[in-house]
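Novice: Please find structure-v3.txt (compact mmCIF, C-alpha atoms and all ligand atoms) on the next line:
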```
# COMPACT_ATOMS: atom_id res chain seq x y z
CA MET V 645 97.96 102.05 92.52
CA ASN V 646 100.71 99.89 91.11
CA GLN V 647 99.89 98.48 87.78
CA LEU V 648 101.31 95.66 85.77
CA VAL V 649 100.78 95.46 82.09
CA GLN V 650 101.73 92.62 79.84
CA PRO V 651 102.64 92.51 76.16
CA LYS V 652 99.66 91.34 74.13
CA ARG V 653 101.77 89.13 71.93
CA LYS V 654 103.78 86.58 73.83
CA THR V 655 107.43 86.39 72.86
CA ALA V 656 108.71 83.07 71.64
CA VAL V 657 110.57 81.04 74.25
CA GLY V 658 113.59 79.02 73.38
CA ARG V 659 116.57 77.68 75.27
CA GLY V 660 119.42 80.06 74.82
CA SER V 661 117.51 82.28 72.48
CA ARG V 662 116.89 85.95 73.14
CA PRO V 663 113.54 86.85 71.72
CA HIS V 664 113.15 90.47 70.68
CA ARG V 665 112.35 92.79 73.53
CA ALA V 666 109.87 95.21 72.04
CA ALA V 667 106.81 95.34 74.26
CA THR V 668 103.67 95.98 72.30
CA GLY V 669 100.09 96.67 73.36
CA VAL V 670 98.99 96.03 76.87
CA SER V 671 96.37 94.22 78.82
CA ARG V 672 95.93 94.02 82.57
CA CYS V 673 97.52 90.96 83.98
CA CYS V 674 98.61 89.36 86.88
CA ARG V 675 99.03 85.82 87.91
CA ALA V 676 98.85 84.47 84.36
CA ALA V 677 101.64 86.78 83.31
CA PHE V 678 103.88 85.44 85.99
CA VAL V 679 103.09 81.86 85.27
CA TYR V 680 104.18 82.76 81.78
CA LEU V 681 107.42 84.24 83.08
CA HIS V 682 108.33 80.81 84.38
CA ILE V 683 108.13 78.99 81.12
CA GLY V 684 111.71 79.37 79.97
CA LYS V 685 114.88 78.76 81.91
CA GLU V 686 117.21 80.77 79.75
CA GLY V 687 117.06 84.15 78.10
CA THR V 688 114.42 86.78 78.27
CA VAL V 689 111.00 85.22 78.10
CA ALA V 690 108.63 88.09 78.60
CA GLU V 691 108.36 91.74 79.26
CA LEU V 692 106.01 93.53 81.54
CA LYS V 693 105.58 97.14 82.36
CA LEU V 694 105.45 98.29 85.92
CA THR V 695 104.11 101.67 86.79
CA LEU V 696 104.86 103.07 90.20
CA PRO V 697 103.96 106.46 91.51
CA ASP V 698 107.16 108.36 92.23
CA LYS V 699 107.50 110.90 94.99
CA SER V 700 106.32 113.75 92.79
CA GLY V 701 103.10 111.88 92.12
CA ARG V 702 103.97 111.06 88.51
CA ASP V 703 103.99 107.51 87.22
CA HIS V 704 107.33 105.91 86.49
CA THR V 705 107.26 103.16 83.93
CA PHE V 706 109.79 100.35 84.02
CA ARG V 707 110.12 97.13 82.11
CA LEU V 708 110.61 93.81 83.82
CA MET V 709 112.95 91.33 82.21
CA ARG V 710 113.46 87.70 83.08
CA CYS V 711 117.26 87.35 83.05
CA GLY V 712 119.41 84.61 81.58
CA PRO V 713 123.16 83.91 81.43
CA ALA V 714 123.72 86.64 78.84
CA ASP V 715 122.77 89.24 81.45
CA ALA V 716 125.42 88.28 84.03
CA ALA V 717 127.85 91.13 83.30
CA ARG V 718 125.21 93.85 83.59
CA ILE V 719 123.87 92.41 86.84
CA LEU V 720 127.36 92.17 88.35
CA ALA V 721 128.09 95.75 87.29
CA LEU V 722 124.94 96.98 89.04
CA GLN V 723 125.79 94.94 92.15
CA GLU V 724 129.27 96.53 92.31
CA GLU V 725 127.81 100.00 91.89
CA VAL V 726 125.33 99.36 94.69
CA LEU V 727 128.08 98.00 96.96
CA SER V 728 130.44 100.87 96.26
CA GLY V 729 127.77 103.30 97.45
CA MET V 730 127.09 101.49 100.73
CA GLU V 731 128.49 102.87 103.96
CA ASP V 732 127.92 99.62 105.83
CA ARG V 733 128.70 96.68 103.59
CA THR V 734 127.75 94.13 106.23
CA LEU V 735 124.10 94.88 105.38
CA PHE V 736 124.39 93.28 101.97
CA ALA V 737 126.00 89.96 101.02
CA ARG V 738 127.50 90.03 97.55
CA THR V 739 126.30 87.28 95.20
CA SER V 740 129.43 85.68 93.74
CA VAL V 741 129.94 85.26 90.01
CA GLU V 742 129.57 81.49 90.41
CA GLU V 743 126.32 81.83 92.35
CA LEU V 744 124.91 84.28 89.85
CA VAL V 745 125.80 82.11 86.87
CA GLU V 746 124.17 79.11 88.57
CA SER V 747 121.05 81.11 89.35
CA LEU V 748 120.76 82.53 85.87
CA ARG V 749 120.54 78.93 84.69
CA GLU V 750 118.45 77.39 87.45
CA ASP V 751 116.56 80.05 89.37
CA TRP V 752 114.20 82.98 88.88
CA CYS V 753 116.05 86.19 88.15
CA LEU V 754 114.30 89.40 87.27
CA ALA V 755 115.68 92.79 86.31
CA VAL V 756 113.85 96.09 86.33
CA LEU V 757 114.80 98.27 83.39
CA ASP V 758 114.45 102.01 83.02
CA GLY V 759 114.85 102.37 79.29
CA GLU V 760 118.02 100.36 78.69
CA GLU V 761 119.40 101.01 82.17
CA MET V 762 119.17 98.27 84.80
CA ALA V 763 117.49 99.91 87.78
CA ALA V 764 117.13 96.86 90.01
CA PHE V 765 117.70 93.14 90.15
CA THR V 766 116.21 90.36 92.23
CA LEU V 767 116.96 86.68 92.50
CA MET V 768 114.86 83.89 93.95
CA VAL V 769 116.42 80.46 94.52
CA VAL V 770 113.63 78.16 93.40
CA ASN V 771 112.36 75.13 95.27
CA ARG V 772 115.33 72.84 94.74
CA VAL V 773 117.89 71.09 96.90
CA SER V 774 120.72 73.58 97.26
CA PRO V 775 123.05 74.80 99.99
CA ARG V 776 121.87 78.26 98.92
CA SER V 777 118.35 77.58 100.11
CA ALA V 778 117.82 79.33 103.44
CA GLY V 779 116.09 76.10 104.48
CA THR V 780 119.58 74.71 105.12
CA TYR V 781 119.96 77.24 107.99
CA LEU V 782 116.76 75.82 109.47
CA GLY V 783 117.89 72.19 109.12
CA TYR V 784 115.32 71.35 106.42
CA ASP V 785 115.52 67.91 104.81
CA GLU V 786 115.36 67.43 101.03
CA ALA V 787 111.58 67.07 100.96
CA GLN V 788 111.20 70.41 102.76
CA LEU V 789 113.78 72.13 100.55
CA LEU V 790 111.76 71.09 97.51
CA LYS V 791 108.78 72.97 98.91
CA CYS V 792 110.45 76.26 99.76
CA VAL V 793 111.89 79.13 97.76
CA THR V 794 114.50 81.61 99.01
CA TYR V 795 114.32 85.30 98.23
CA ASP V 796 118.06 85.55 97.89
CA THR V 797 119.02 89.08 96.87
CA THR V 798 117.57 92.37 95.71
CA PHE V 799 119.48 95.49 94.89
CA VAL V 800 118.25 98.79 93.55
CA HIS V 801 120.37 101.47 91.91
CA PRO V 802 120.55 104.46 94.30
CA ARG V 803 118.81 106.67 91.72
CA PHE V 804 115.70 104.47 91.85
CA ARG V 805 115.38 103.97 95.60
CA GLY V 806 112.33 104.87 97.58
CA LEU V 807 109.95 104.24 94.66
CA GLY V 808 108.71 100.95 96.09
CA LEU V 809 110.65 98.72 93.71
CA GLN V 810 111.83 96.29 96.37
CA ARG V 811 108.33 96.11 97.78
CA GLU V 812 106.87 95.41 94.35
CA LEU V 813 109.54 92.82 93.55
CA GLY V 814 108.57 91.03 96.75
CA ARG V 815 105.01 90.80 95.54
CA LEU V 816 106.15 89.46 92.18
CA LYS V 817 108.29 86.81 93.86
CA ASP V 818 105.27 85.69 95.87
CA GLU V 819 103.39 85.24 92.59
CA ALA V 820 106.28 83.40 91.00
CA ALA V 821 106.80 81.15 94.04
CA LEU V 822 103.13 80.16 94.05
CA ALA V 823 103.29 79.39 90.35
CA LEU V 824 106.30 77.14 91.07
CA GLY V 825 104.23 75.22 93.62
CA ALA V 826 106.23 76.38 96.66
CA ALA V 827 104.51 76.22 100.03
CA GLU V 828 106.90 78.45 101.92
CA ALA V 829 109.16 81.43 101.22
CA LEU V 830 112.37 82.08 103.14
CA ALA V 831 114.79 84.98 103.22
CA THR V 832 117.62 86.38 105.29
CA VAL V 833 117.94 90.02 106.24
CA SER V 834 120.23 92.08 108.39
CA PRO V 835 118.47 93.42 111.51
CA GLU V 836 120.14 96.75 110.62
CA ASN V 837 118.78 96.92 107.05
CA GLY V 838 115.75 99.10 107.80
CA PRO V 839 114.08 99.33 104.35
CA SER V 840 114.59 95.61 103.61
CA LEU V 841 113.39 94.46 106.99
CA ARG V 842 110.35 96.71 106.83
CA ASN V 843 109.48 95.50 103.34
CA ILE V 844 109.82 91.85 104.20
CA LEU V 845 107.72 92.20 107.35
CA LEU V 846 105.09 94.02 105.29
CA ARG V 847 105.02 91.01 102.95
CA GLY V 848 103.99 88.82 105.87
CA PHE V 849 107.30 87.22 106.78
CA GLU V 850 108.13 86.41 110.39
CA ILE V 851 111.50 86.16 112.07
CA CYS V 852 112.24 82.50 112.76
CA GLY V 853 115.97 82.58 113.41
CA ASP V 854 118.89 84.83 114.21
CA GLN V 855 122.28 83.55 113.07
CA LEU V 856 125.75 84.61 111.98
CA LEU V 857 125.94 83.91 108.23
CA TYR V 858 128.03 84.93 105.21
CA SER V 859 131.39 84.96 107.01
CA GLY V 860 130.05 86.10 110.34
CA VAL V 861 127.42 88.82 109.84
CA ARG V 862 124.16 88.80 111.77
CA ARG V 863 121.06 87.82 109.82
CA TYR V 864 117.45 87.17 110.70
CA ILE V 865 116.03 84.09 108.99
CA MET V 866 112.59 85.07 107.74
CA ARG V 867 109.79 82.70 106.80
CA LYS V 868 106.24 82.82 105.56
CA LYS V 869 103.65 80.33 104.36
CA LEU V 870 102.54 80.96 100.79
C1 LIG A 1 117.21 97.87 100.42
C2 LIG A 1 116.82 98.28 99.01
C3 LIG A 1 116.77 97.02 98.12
C4 LIG A 1 115.45 98.97 99.06
O1 LIG A 1 115.03 99.17 97.74
P1 LIG A 1 113.89 100.25 97.38
O2 LIG A 1 113.27 99.84 96.10
O3 LIG A 1 114.42 101.61 97.47
O4 LIG A 1 112.86 100.01 98.56
P2 LIG A 1 111.41 100.57 98.61
O5 LIG A 1 111.25 101.75 97.71
O6 LIG A 1 110.47 99.44 98.46
O7 LIG A 1 111.49 101.20 100.08
C5 LIG A 1 110.99 100.75 101.25
C6 LIG A 1 111.01 101.90 102.22
O8 LIG A 1 112.33 102.41 102.46
C7 LIG A 1 112.47 103.73 101.95
N1 LIG A 1 113.77 103.81 101.28
C8 LIG A 1 114.47 102.82 100.75
N2 LIG A 1 115.63 103.26 100.29
C9 LIG A 1 115.66 104.57 100.50
C10 LIG A 1 116.58 105.59 100.22
N3 LIG A 1 117.76 105.35 99.65
N4 LIG A 1 116.27 106.83 100.57
C11 LIG A 1 115.09 107.08 101.17
N5 LIG A 1 114.18 106.15 101.46
C12 LIG A 1 114.46 104.92 101.12
C13 LIG A 1 111.31 103.90 101.05
O9 LIG A 1 110.92 105.23 100.87
C14 LIG A 1 110.24 103.08 101.75
O10 LIG A 1 109.78 103.78 102.87
P3 LIG A 1 108.34 103.56 103.52
O11 LIG A 1 108.38 102.21 104.17
O12 LIG A 1 108.21 104.67 104.48
O13 LIG A 1 107.38 103.62 102.36
C15 LIG A 1 117.82 99.30 98.41
O14 LIG A 1 117.96 100.37 99.33
C16 LIG A 1 119.17 98.69 98.10
O15 LIG A 1 119.42 98.24 96.99
N6 LIG A 1 120.08 98.65 99.10
C17 LIG A 1 121.40 98.07 98.93
C18 LIG A 1 121.35 96.55 98.79
C19 LIG A 1 120.54 95.89 99.89
O16 LIG A 1 120.68 96.21 101.06
N7 LIG A 1 119.69 94.92 99.48
C20 LIG A 1 118.84 94.21 100.41
C21 LIG A 1 119.49 93.04 101.00
S1 LIG A 1 119.48 91.67 99.86
```
Starting from the coordinates I provided, produce the structure as structure tokens.

Specialist:
Amino acid sequence: MNQLVQPKRKTAVGRGSRPHRAATGVSRCCRAAFVYLHIGKEGTVAELKLTLPDKSGRDHTFRLMRCGPADAARILALQEEVLSGMEDRTLFARTSVEELVESLREDWCLAVLDGEEMAAFTLMVVNRVSPRSAGTYLGYDEAQLLKCVTYDTTFVHPRFRGLGLQRELGRLKDEAALALGAAEALATVSPENGPSLRNILLRGFEICGDQLLYSGVRRYIMRKKL
């Protein structure tokens, strides 16, 4: 059973500040912890531990870190490593430096850490008016864009694949989106990206469009009510 644990003592939140990262004692969480993760816009605001059973049956403990602008270089380095290991690069649309910097200021960005190593990263465009909202592909007006979030990207270091991280990050984004007051979650996924498509369908998304996006690659538009 996946388990989330939360530091007992909440870290101070401040714009631009980076509170210390030492997680202390634990207590079972869930929704409250993720509401808490939303409080700050910049810097690391909380740490949680995530324990997933790995394939040998042992638990694997990660830390979750809300990312801010100071984390851009590490995230970009992981993205390049992931891309360099992909046989078919059309399955994954690179997030540009500009997009990442914008999202680290305005959106919900979470990294999974294994010790000090970044094992995975996910980014959710929050309910705001932005050409990066997948609602634009569905012709949503501003009022609709303000009610929907977009699960924009997730990438996992090859060493940490198959542990269920993407699946778990999907669950966390659902929690975060609800806490942000979103009514709908959107995403795009390549019909050829088996693990991603399976995970997103398991999270209750449905295919509501099929378009050529990101310079001409095929993507399903996925949608679910929250
Ligand atoms: C797609 C991706 C995010 C999946 O991450 P993940 O954390 O390994 O996914 P999960 O562990 O939740 O896996 C889901 C399923 O796929 C399997 N799987 C995923 N990657 C695998 C791998 N490299 N080897 C074997 N199995 C794998 C899992 O075992 C699981 O199988 P199940 O449905 O039978 O249980 C990851 O492979 C990745 O970073 N790919 C490159 C970037 C990308 O395509 N991102 C998604 C588009 S934004």

Novice: Please, what distance in Å, to one decimal, runs between CA of Cys792 (chain V) and CA of Ala827 (chain V)?

Specialist: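 Going from CA of Cys792 (chain V) over to CA of Ala827 (chain V), I get 5.9 Å.
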
Novice: May I have the residues within 7 Å of ligand LIG 1 (chain A), computed using all atoms listed in the file, as number ranges by chain?

Specialist: V: 726-727, 730, 735-737, 796-802, 804-812, 833, 837, 839-840, 842-843

Novice: Measuring atom to atom with only C-alpha atoms, identify which of V:Leu744, V:Ala829, V:Arg815, V:Leu870 is nearest to Arg847 (chain V).

Specialist: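 Using only C-alpha atoms, the shortest distance to Arg847 (chain V) belongs to V:Arg815.
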
Novice: For region 708-758 of chain V versus region 816-826 of chain V, which residues have an atom no more than 12 Å away, and what is each residue's nearest atom pair and distance in Å rounded to one decimal, using all atoms listed in the file, chain-then-number order, as CSV?

Specialist:
```
residue,atom,partner,partner_atom,distance
V:Leu708,CA,V:Leu816,CA,10.4
V:Arg710,CA,V:Ala820,CA,11.5
V:Asp751,CA,V:Leu824,CA,10.8
V:Trp752,CA,V:Ala820,CA,8.2
V:Cys753,CA,V:Lys817,CA,9.7
V:Leu754,CA,V:Lys817,CA,9.3
V:Ala755,CA,V:Leu816,CA,11.7
V:Val756,CA,V:Leu816,CA,11.7
```

Novice: Keeping C-alpha atoms for every residue in the selection just given, could you write it to a file as a CSV table (one decimal), keeping the file's coordinate frame?

Specialist:
```csv
chain,number,residue,atom,x,y,z
V,708,LEU,CA,110.6,93.8,83.8
V,710,ARG,CA,113.5,87.7,83.1
V,751,ASP,CA,116.6,80.0,89.4
V,752,TRP,CA,114.2,83.0,88.9
V,753,CYS,CA,116.0,86.2,88.2
V,754,LEU,CA,114.3,89.4,87.3
V,755,ALA,CA,115.7,92.8,86.3
V,756,VAL,CA,113.8,96.1,86.3
```

Novice: Fewer than 5 positions away in the same chain doesn't count, so skip those; otherwise give me all residues within 10 Å of Tyr781 (chain V), counting all atoms listed in the file, as a PDB file with C-alpha atoms, in the frame of the given file.

Specialist:
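Okay, around.pdb is ready:
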```pdb
ATOM      1  CA  PRO V 775     123.050  74.800  99.990  1.00  0.00           C
ATOM      2  CA  ARG V 776     121.870  78.260  98.920  1.00  0.00           C
ATOM      3  CA  THR V 832     117.620  86.380 105.290  1.00  0.00           C
ATOM      4  CA  GLY V 853     115.970  82.580 113.410  1.00  0.00           C
ATOM      5  CA  ASP V 854     118.890  84.830 114.210  1.00  0.00           C
ATOM      6  CA  GLN V 855     122.280  83.550 113.070  1.00  0.00           C
ATOM      7  CA  LEU V 857     125.940  83.910 108.230  1.00  0.00           C
ATOM      8  CA  ILE V 865     116.030  84.090 108.990  1.00  0.00           C
TER       9      ILE V 865
END
```

Novice: Which residue gives the smallest distance to Pro835 (chain V) among V:Ser700, V:Ser774, V:Thr734, V:Thr695, with all atoms listed in the file counted?

Specialist: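 Using all atoms listed in the file, the shortest distance to Pro835 (chain V) belongs to V:Thr734.
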
Novice: Quick check, in Å to one decimal: how far apart do CA of Leu757 (chain V) and CA of Leu813 (chain V) lie?

Specialist: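 About the pair CA of Leu757 (chain V) and CA of Leu813 (chain V): they are 12.7 Å apart.
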
Novice: Find the spatial neighbours of Pro697 (chain V), counting only C-alpha atoms, within a cut-off of 9 Å - ignore same-chain residues fewer than 3 positions away - and output them as an MDAnalysis selection string.

Specialist: chainID V and resid 645:646 700:705 807:808

Novice: Give me, please, the distance in Å between CA of Gly779 (chain V) and CA of Leu830 (chain V), quoted to one decimal.

Specialist: 7.2 Å
